[in-house]
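> Below is final18.cif; it holds mmCIF, C-alpha atoms.
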data_my_file
loop_
_atom_site.label_atom_id
_atom_site.label_comp_id
_atom_site.auth_asym_id
_atom_site.auth_seq_id
_atom_site.Cartn_x
_atom_site.Cartn_y
_atom_site.Cartn_z
CA MET A 1 -16.44 12.20 21.90
CA SER A 2 -19.94 13.61 21.53
CA ALA A 3 -20.64 16.47 19.11
CA ARG A 4 -21.32 18.78 22.07
CA SER A 5 -18.03 17.89 23.77
CA ALA A 6 -16.14 18.29 20.52
CA MET A 7 -17.65 21.71 19.95
CA ALA A 8 -16.71 22.74 23.48
CA ALA A 9 -13.18 21.54 22.87
CA VAL A 10 -12.94 23.69 19.75
CA ARG A 11 -14.22 26.77 21.56
CA CYS A 12 -11.84 26.27 24.47
CA ALA A 13 -8.96 25.66 22.08
CA SER A 14 -9.67 28.99 20.42
CA VAL A 15 -9.50 30.76 23.79
CA CYS A 16 -6.23 29.04 24.66
CA LEU A 17 -4.77 29.82 21.26
CA GLY A 18 -5.76 33.44 21.61
CA LEU A 19 -3.99 33.60 24.95
CA ALA A 20 -0.96 32.00 23.35
CA LEU A 21 -0.92 34.67 20.66
CA MET A 22 -0.62 37.40 23.27
CA ALA A 23 2.35 35.74 24.94
CA PRO A 24 5.80 37.23 24.23
CA PRO A 25 7.76 35.45 21.48
CA ALA A 26 10.36 34.21 23.97
CA ALA A 27 7.71 32.26 25.85
CA PRO A 28 5.45 30.43 23.34
CA GLN A 29 2.47 28.59 24.78
CA ASP A 30 1.67 24.91 24.40
CA ALA A 31 -1.94 25.08 23.28
CA ALA A 32 -2.10 21.36 22.55
CA ALA A 33 -1.88 20.58 26.26
CA LYS A 34 -4.57 23.14 27.14
CA VAL A 35 -7.53 21.95 25.09
CA HIS A 36 -10.28 21.18 27.61
CA PRO A 37 -13.64 19.52 26.93
CA GLN A 38 -15.58 22.06 29.00
CA ALA A 39 -16.08 25.45 27.44
CA GLY A 40 -15.33 28.33 29.76
CA ALA A 41 -13.23 26.23 32.15
CA ARG A 42 -10.36 28.07 33.80
CA VAL A 43 -7.00 26.90 32.49
CA ALA A 44 -3.77 27.38 34.38
CA ALA A 45 -1.09 29.40 32.61
CA PRO A 46 1.31 27.00 30.85
CA ALA A 47 5.02 27.00 31.49
CA ALA A 48 7.24 28.55 28.85
CA THR A 49 8.41 25.81 26.47
CA PRO A 50 10.01 25.82 23.04
CA GLN A 51 7.94 25.02 20.00
CA THR A 52 9.99 21.88 19.44
CA THR A 53 13.54 20.49 19.53
CA SER A 54 15.76 20.09 16.50
CA LEU A 55 16.97 16.65 15.45
CA LEU A 56 20.34 17.69 16.83
CA GLY A 57 18.96 18.57 20.27
CA GLU A 58 18.54 22.35 19.96
CA PRO A 59 15.41 23.91 21.53
CA LEU A 60 13.53 25.84 18.85
CA ASP A 61 11.46 28.88 19.78
CA ILE A 62 9.13 30.90 17.59
CA PRO A 63 11.29 32.12 14.71
CA PRO A 64 11.59 35.89 14.21
CA LEU A 65 9.68 37.57 11.41
CA PRO A 66 10.44 40.89 9.70
CA ALA A 67 8.31 43.66 11.19
CA ALA A 68 6.23 44.21 8.05
CA GLU A 69 5.56 40.49 7.62
CA LEU A 70 4.65 40.14 11.29
CA ALA A 71 2.16 43.01 11.03
CA ARG A 72 0.51 41.41 7.99
CA ALA A 73 0.41 38.04 9.71
CA LYS A 74 -1.25 39.48 12.82
CA GLN A 75 -3.88 41.27 10.73
CA ALA A 76 -4.63 38.09 8.79
CA LEU A 77 -4.84 36.13 12.03
CA GLU A 78 -7.38 38.56 13.46
CA LYS A 79 -9.58 38.09 10.37
CA ALA A 80 -9.29 34.32 10.65
CA GLN A 81 -10.23 34.48 14.33
CA GLN A 82 -13.30 36.56 13.49
CA ARG A 83 -14.35 34.12 10.79
CA TYR A 84 -13.78 31.21 13.14
CA GLY A 85 -15.87 32.91 15.82
CA GLU A 86 -18.74 33.15 13.34
CA ARG A 87 -18.34 29.57 12.07
CA PRO A 88 -16.58 27.53 14.79
CA ASN A 89 -17.81 24.19 13.44
CA ASP A 90 -16.71 24.85 9.86
CA PRO A 91 -13.61 22.84 8.86
CA GLU A 92 -12.51 25.59 6.47
CA SER A 93 -12.54 28.26 9.19
CA ILE A 94 -10.62 25.89 11.49
CA THR A 95 -8.11 25.15 8.74
CA TRP A 96 -7.46 28.82 7.96
CA LEU A 97 -7.10 29.78 11.60
CA GLY A 98 -4.54 27.01 12.04
CA ARG A 99 -2.69 28.16 8.95
CA ARG A 100 -2.60 31.71 10.26
CA PHE A 101 -1.11 30.57 13.56
CA ALA A 102 1.53 28.63 11.62
CA ALA A 103 2.32 31.72 9.54
CA MET A 104 3.32 33.43 12.81
CA GLY A 105 5.59 30.55 13.82
CA LYS A 106 3.11 29.14 16.34
CA TYR A 107 3.26 25.63 14.95
CA LYS A 108 2.24 23.80 18.13
CA GLU A 109 -0.84 25.97 18.38
CA ALA A 110 -1.66 25.22 14.74
CA VAL A 111 -1.35 21.47 15.30
CA ALA A 112 -3.54 21.75 18.40
CA LEU A 113 -6.29 23.46 16.45
CA PHE A 114 -6.05 21.06 13.49
CA SER A 115 -6.29 18.19 15.98
CA VAL A 116 -9.45 19.56 17.57
CA GLY A 117 -10.87 20.11 14.09
CA LEU A 118 -10.18 16.47 13.29
CA GLN A 119 -12.12 15.43 16.37
CA LEU A 120 -15.10 17.08 14.70
CA HIS A 121 -14.21 16.12 11.11
CA PRO A 122 -11.95 13.03 11.26
CA GLU A 123 -12.07 12.46 7.50
CA ASP A 124 -11.33 16.03 6.42
CA ALA A 125 -8.41 15.81 4.00
CA HIS A 126 -7.55 19.51 4.32
CA LEU A 127 -7.10 19.30 8.09
CA LEU A 128 -4.99 16.16 7.66
CA ARG A 129 -2.87 17.79 4.94
CA PHE A 130 -2.08 20.86 7.02
CA ARG A 131 -1.53 19.00 10.29
CA GLY A 132 0.80 16.64 8.44
CA HIS A 133 2.75 19.60 7.12
CA ARG A 134 3.19 21.04 10.58
CA TYR A 135 4.15 17.69 12.04
CA ILE A 136 7.10 17.87 9.62
CA THR A 137 7.91 21.33 10.97
CA LEU A 138 7.83 19.94 14.53
CA ARG A 139 10.10 17.03 13.48
CA GLN A 140 7.37 14.44 14.10
CA PHE A 141 7.78 12.58 10.84
CA ASP A 142 5.90 9.40 11.75
CA LYS A 143 2.76 11.39 12.54
CA ALA A 144 3.24 13.41 9.35
CA VAL A 145 3.35 10.27 7.21
CA GLU A 146 0.22 8.94 8.90
CA ASP A 147 -1.78 12.13 8.31
CA LEU A 148 -0.61 12.76 4.77
CA ALA A 149 -0.99 9.16 3.63
CA ARG A 150 -4.57 9.22 4.90
CA ALA A 151 -5.19 12.53 3.10
CA ALA A 152 -3.84 10.99 -0.11
CA GLU A 153 -6.26 8.08 0.27
CA LEU A 154 -9.21 10.41 0.83
CA VAL A 155 -8.58 12.53 -2.29
CA GLN A 156 -7.81 9.64 -4.61
CA GLY A 157 -10.12 9.85 -7.60
CA GLN A 158 -11.46 13.24 -6.50
CA PRO A 159 -11.08 16.44 -8.58
CA ASP A 160 -8.11 18.62 -7.67
CA GLU A 161 -8.34 22.28 -6.67
CA ASP A 162 -6.11 25.31 -6.32
CA GLU A 163 -4.59 25.79 -2.89
CA PRO A 164 -4.11 29.50 -2.13
CA PRO A 165 -1.02 30.36 -0.04
CA THR A 166 -1.13 32.29 3.21
CA ASN A 167 1.26 34.84 1.67
CA PRO A 168 0.39 35.58 -1.98
CA ASN A 169 3.28 36.03 -4.39
CA SER A 170 3.97 39.29 -6.21
CA LEU A 171 1.70 38.34 -9.12
CA GLY A 172 -1.13 37.03 -6.98
CA VAL A 173 -0.92 33.72 -8.86
CA VAL A 174 -1.89 30.48 -7.10
CA LEU A 175 0.97 28.12 -7.94
CA ASP A 176 0.05 24.92 -6.11
CA THR A 177 -2.85 22.50 -6.01
CA PHE A 178 -4.31 20.66 -3.05
CA HIS A 179 -3.39 17.17 -4.33
CA GLU A 180 0.08 18.41 -5.29
CA ASN A 181 0.74 19.59 -1.75
CA ILE A 182 -0.51 16.38 -0.16
CA HIS A 183 1.92 14.29 -2.21
CA TYR A 184 4.71 16.86 -1.91
CA HIS A 185 4.59 16.95 1.87
CA LEU A 186 4.21 13.18 2.10
CA GLY A 187 7.34 12.92 -0.05
CA LEU A 188 9.13 15.29 2.33
CA ALA A 189 8.10 13.25 5.37
CA HIS A 190 9.46 10.07 3.78
CA TYR A 191 12.63 11.91 2.72
CA MET A 192 13.25 13.16 6.24
CA ARG A 193 12.95 9.56 7.48
CA GLY A 194 15.48 8.41 4.88
CA GLU A 195 12.87 6.40 2.96
CA TRP A 196 14.15 7.21 -0.50
CA GLU A 197 11.98 4.90 -2.63
CA ALA A 198 8.80 6.03 -0.88
CA ALA A 199 9.85 9.67 -1.30
CA LEU A 200 10.57 9.12 -4.99
CA ALA A 201 7.09 7.67 -5.54
CA GLU A 202 5.56 10.78 -3.98
CA TRP A 203 7.66 13.14 -6.12
CA GLU A 204 6.31 11.28 -9.15
CA ALA A 205 2.76 11.72 -7.85
CA THR A 206 3.47 15.40 -7.18
CA GLY A 207 4.75 15.85 -10.71
CA ARG A 208 1.46 14.58 -12.11
CA CYS A 209 -0.32 17.42 -10.29
CA VAL A 210 1.93 20.42 -10.94
CA LYS A 211 0.75 22.99 -13.46
CA ASN A 212 3.62 25.46 -13.91
CA GLY A 213 7.37 25.93 -14.05
CA ASP A 214 7.61 26.58 -10.33
CA GLY A 215 6.15 23.17 -9.55
CA ARG A 216 8.35 21.44 -12.13
CA ALA A 217 11.49 23.01 -10.66
CA MET A 218 10.45 22.00 -7.13
CA VAL A 219 9.81 18.39 -8.14
CA ALA A 220 13.05 18.24 -10.15
CA HIS A 221 15.03 19.48 -7.13
CA TRP A 222 13.77 16.83 -4.72
CA THR A 223 13.79 14.08 -7.36
CA TRP A 224 17.45 14.76 -8.15
CA LEU A 225 18.34 14.71 -4.45
CA THR A 226 16.48 11.46 -3.89
CA LEU A 227 17.95 9.66 -6.90
CA GLN A 228 21.43 10.73 -5.73
CA LYS A 229 20.63 9.13 -2.35
CA LEU A 230 19.62 5.96 -4.19
CA GLY A 231 22.93 5.91 -6.08
CA ARG A 232 21.29 6.48 -9.48
CA PRO A 233 23.13 9.55 -10.86
CA ASP A 234 22.20 8.93 -14.51
CA GLU A 235 18.51 8.91 -13.64
CA ALA A 236 19.05 12.00 -11.51
CA ALA A 237 20.56 13.84 -14.47
CA ALA A 238 17.69 12.78 -16.71
CA ALA A 239 15.12 13.96 -14.15
CA ILE A 240 16.35 17.56 -14.35
CA ALA A 241 17.20 17.77 -18.05
CA SER A 242 14.06 19.77 -18.88
CA ILE A 243 14.77 22.50 -16.33
CA THR A 244 16.29 25.44 -18.22
CA PRO A 245 17.38 29.01 -17.37
CA GLU A 246 14.63 30.39 -19.62
CA MET A 247 11.77 28.88 -17.64
CA ASP A 248 9.07 31.21 -16.33
CA ILE A 249 9.45 31.08 -12.53
CA VAL A 250 7.15 33.17 -10.36
CA ASP A 251 8.22 32.35 -6.82
CA TYR A 252 10.31 29.18 -6.44
CA HIS A 253 13.57 30.73 -7.61
CA ALA A 254 15.68 28.89 -5.03
CA TYR A 255 14.55 25.50 -6.34
CA HIS A 256 15.15 26.64 -9.90
CA ASP A 257 18.65 27.96 -9.15
CA ALA A 258 19.54 24.79 -7.25
CA VAL A 259 18.60 22.60 -10.21
CA LEU A 260 20.60 24.80 -12.58
CA VAL A 261 23.60 24.23 -10.31
CA TYR A 262 23.04 20.46 -10.55
CA ARG A 263 22.96 20.81 -14.33
CA GLY A 264 26.22 22.79 -14.35
CA LEU A 265 24.48 25.90 -15.72
CA LYS A 266 25.04 28.09 -12.66
CA ASP A 267 27.96 28.54 -10.30
CA PRO A 268 27.15 27.41 -6.74
CA ASP A 269 29.12 30.23 -5.14
CA GLU A 270 27.27 32.81 -7.21
CA VAL A 271 23.80 31.56 -6.31
CA LEU A 272 24.72 31.52 -2.61
CA ALA A 273 26.27 34.99 -2.74
CA GLY A 274 24.33 37.46 -0.63
CA LEU A 275 22.43 34.75 1.25
CA ALA A 276 22.98 34.14 4.95
CA PRO A 277 21.73 31.60 7.51
CA THR A 278 20.21 34.47 9.50
CA GLY A 279 17.81 37.24 8.61
CA GLU A 280 15.35 37.47 5.74
CA THR A 281 17.43 35.28 3.40
CA SER A 282 17.61 32.29 5.73
CA VAL A 283 14.88 30.27 3.94
CA ASP A 284 16.56 30.62 0.54
CA PHE A 285 19.92 29.90 2.20
CA ALA A 286 18.49 26.69 3.66
CA THR A 287 16.94 25.60 0.34
CA LEU A 288 19.94 26.36 -1.83
CA GLY A 289 22.50 25.48 0.82
CA TYR A 290 21.09 22.02 1.38
CA GLY A 291 20.89 21.29 -2.33
CA ILE A 292 24.37 22.60 -3.06
CA ALA A 293 25.78 20.69 -0.09
CA GLN A 294 24.38 17.50 -1.66
CA TRP A 295 25.83 18.51 -5.03
CA GLN A 296 29.25 19.08 -3.40
CA LEU A 297 29.07 15.65 -1.76
CA ALA A 298 28.08 14.06 -5.07
CA GLN A 299 31.14 15.73 -6.66
CA GLY A 300 33.34 14.18 -3.99
CA HIS A 301 33.93 17.47 -2.14
CA LEU A 302 33.23 15.91 1.25
CA GLU A 303 34.68 18.63 3.47
CA ARG A 304 32.99 21.50 1.64
CA GLY A 305 29.67 19.68 1.43
CA THR A 306 29.68 18.70 5.09
CA GLU A 307 30.59 22.19 6.26
CA LEU A 308 27.77 23.73 4.22
CA LEU A 309 25.36 21.11 5.57
CA LYS A 310 26.26 22.14 9.11
CA GLN A 311 25.65 25.81 8.29
CA VAL A 312 22.23 24.95 6.85
CA ALA A 313 21.37 22.98 10.00
CA GLY A 314 21.76 26.25 11.93
CA ALA A 315 19.61 28.42 9.64
CA GLU A 316 17.50 30.84 11.63
CA MET A 317 14.21 29.98 9.91
CA TRP A 318 14.13 26.46 11.30
CA ALA A 319 10.83 25.57 9.59
CA ALA A 320 12.59 25.60 6.19
CA PHE A 321 12.61 22.13 4.64
CA GLY A 322 16.27 22.47 3.68
CA ARG A 323 17.21 23.00 7.31
CA ILE A 324 15.08 20.05 8.47
CA ALA A 325 16.68 17.82 5.82
CA ALA A 326 20.17 18.93 6.89
CA GLU A 327 19.36 18.13 10.52
CA ALA A 328 18.02 14.72 9.55
CA GLU A 329 21.14 13.92 7.56
CA LEU A 330 23.55 15.01 10.27
CA ALA A 331 21.52 13.14 12.91
CA ARG A 332 21.64 9.94 10.83
CA ALA A 333 25.38 10.33 10.34
CA ALA A 334 25.92 10.83 14.08
CA LYS A 335 23.80 7.80 14.91
CA ALA A 336 25.69 5.67 12.42
CA HIS A 337 28.92 6.42 14.29
CA GLU A 338 27.51 5.63 17.73
CA PRO A 339 28.65 2.37 19.32
CA ASP A 340 25.97 -0.29 19.51
CA PRO A 341 24.70 -0.16 23.12
CA ALA A 342 23.84 -3.85 22.88
CA VAL A 343 27.49 -4.74 22.39
CA SER A 344 29.57 -4.50 25.55
CA ALA A 345 33.26 -3.71 25.29
CA GLU A 346 33.84 -6.37 27.93
CA ALA A 347 31.78 -9.06 26.19
CA PRO A 348 33.72 -12.21 25.22
CA ALA A 349 34.64 -12.67 21.59
CA PRO A 350 32.48 -15.06 19.56
CA ALA A 351 33.56 -18.71 19.56
CA GLY A 352 36.23 -19.52 17.01
CA ARG A 353 37.87 -16.10 17.24
#
Would you mind writing the file out in structure tokens?

Amino acid sequence: MSARSAMAAVRCASVCLGLALMAPPAAPQDAAAKVHPQAGARVAAPAATPQTTSLLGEPLDIPPLPAAELARAKQALEKAQQRYGERPNDPESITWLGRRFAAMGKYKEAVALFSVGLQLHPEDAHLLRFRGHRYITLRQFDKAVEDLARAAELVQGQPDEDEPPTNPNSLGVVLDTFHENIHYHLGLAHYMRGEWEAALAEWEATGRCVKNGDGRAMVAHWTWLTLQKLGRPDEAAAAIASITPEMDIVDYHAYHDAVLVYRGLKDPDEVLAGLAPTGETSVDFATLGYGIAQWQLAQGHLERGTELLKQVAGAEMWAAFGRIAAEAELARAAKAHEPDPAVSAEAPAPAGR
């Protein structure tokens, strides 16, 4: 694609994404299918489609946001659109506009914009990192691994940097780094695919980048889960031994509480009390619920663990990693119990039987 065509694609994508923003939440637009190489071309109105489909077959529409959060997200999006209009060829303005669409639950639109940005800047690690993240959200794990692995290659040996969140925490502290989030999301993509060793390697890489208690608790949570999957409970216990109740945690309280449950320092019922799979607590419910479900299963409480896993797989905020992990686990379990389509019930028995 020529530079002129790529620029036209970006401009047209912005128009389509803006139209998508004005659509009612029940009818999200598929901006990815509407990017056109000719700026100003008329584009037919897309049919109403869900953002994606869960791993259990449920159509997933734009998740609801609390009114105050939605108002803040819209205001931030308008600023990002203005900045993008002033600097449409700038990868940073493209990245932030995509992030702002994602903050409103318009994940397909975000991926569409990141993709057009990568046509202009194919080696931009930030665009790859954020598109990879949203491919996880959309349950497209293979594409996520491809993007994030490439981002990891591009930043190898380069200095790290703070990565500001779209929604600052109460202290205004930047908790994560750019390299940390590349490895973290690559670990998640491998985890969702059931690739435990690859996920574990990425948690180790993430741990080398974290700079605070929040990051340590996050890494400990996923490391413990992964080592349990690998059947290495002693290593799992050792991986979380340094996580204590006294740690200074700014924002990632759900990860911290989950690890304290694994250590036997908090009661699972108490940490889940007051949380629900719907409403404003659904993200924390998904995070803690998934972890505690795995803890229940590791304790041999199969019925309780499985029931909690099913509740997490129905959490309202379907972009939560705990919910995606629960879906992936239940989908794998269902597939494992399916009859092999290559084996016919009427096929003759093997010779000698």
> What separation in Å, quoted to one decimal, exists between atom CA of A:Glu58 and atom CA of A:Val312?
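Pair atom CA of A:Glu58 / atom CA of A:Val312 returns 13.9 Å.
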> Could you list, as a PyMOL selection string, every residue within 12 Å of A:Leu70, counting only C-alpha atoms and ignoring same-chain residues fewer than 3 positions away?
chain A and resi 25+63-67+73-77+100-105+167
> Suppose you want the space between atom CA of A:Gly289 and atom CA of A:Leu188; what is it in Å?
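Between atom CA of A:Gly289 and atom CA of A:Leu188 the gap is 16.9 Å.
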> With all atoms listed in the file as the basis for distance, which of A:Asn181, A:Gln299, A:Thr166, A:Gln81 is at the shortest distance from A:Leu128?
A:Asn181
> For the contact check between stretch 272-322 of chain A and stretch 249-255 of chain A, emit one row per residue of stretch 272-322 of chain A within 12 Å, containing the shortest atom pair and the distance in Å rounded to one decimal, counting only C-alpha atoms, chain then rising number order, as a tab-separated table.

residue	atom	partner	partner_atom	distance
A:Leu272	CA	A:Ala254	CA	9.7
A:Leu275	CA	A:Ala254	CA	10.9
A:Thr281	CA	A:Ala254	CA	10.7
A:Ser282	CA	A:Ala254	CA	11.4
A:Val283	CA	A:Ala254	CA	9.1
A:Asp284	CA	A:Ala254	CA	5.9
A:Phe285	CA	A:Ala254	CA	8.4
A:Ala286	CA	A:Ala254	CA	9.4
A:Thr287	CA	A:Ala254	CA	6.4
A:Leu288	CA	A:Ala254	CA	5.9
A:Gly289	CA	A:Ala254	CA	9.6
A:Tyr290	CA	A:Tyr255	CA	10.7
A:Gly291	CA	A:Tyr255	CA	8.6
A:Ile292	CA	A:Tyr255	CA	10.8
A:Phe321	CA	A:Tyr255	CA	11.6
A:Gly322	CA	A:Tyr255	CA	10.6
> With the PyMOL selection byres ((chain A and resi 229-241) around 10) as the selection, what would be picked from this file? Answer as a compact mmCIF listing (two decimals) with C-alpha atoms, in the frame of the given file, please.

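Output file selection38.txt is given in full below:
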# COMPACT_ATOMS: atom_id res chain seq x y z
CA TYR A 191 12.63 11.91 2.72
CA GLY A 194 15.48 8.41 4.88
CA GLU A 195 12.87 6.40 2.96
CA TRP A 196 14.15 7.21 -0.50
CA GLU A 197 11.98 4.90 -2.63
CA LEU A 200 10.57 9.12 -4.99
CA ARG A 216 8.35 21.44 -12.13
CA ALA A 217 11.49 23.01 -10.66
CA VAL A 219 9.81 18.39 -8.14
CA ALA A 220 13.05 18.24 -10.15
CA HIS A 221 15.03 19.48 -7.13
CA TRP A 222 13.77 16.83 -4.72
CA THR A 223 13.79 14.08 -7.36
CA TRP A 224 17.45 14.76 -8.15
CA LEU A 225 18.34 14.71 -4.45
CA THR A 226 16.48 11.46 -3.89
CA LEU A 227 17.95 9.66 -6.90
CA GLN A 228 21.43 10.73 -5.73
CA SER A 242 14.06 19.77 -18.88
CA ILE A 243 14.77 22.50 -16.33
CA THR A 244 16.29 25.44 -18.22
CA VAL A 259 18.60 22.60 -10.21
CA LEU A 260 20.60 24.80 -12.58
CA TYR A 262 23.04 20.46 -10.55
CA ARG A 263 22.96 20.81 -14.33
CA GLN A 294 24.38 17.50 -1.66
CA ALA A 298 28.08 14.06 -5.07
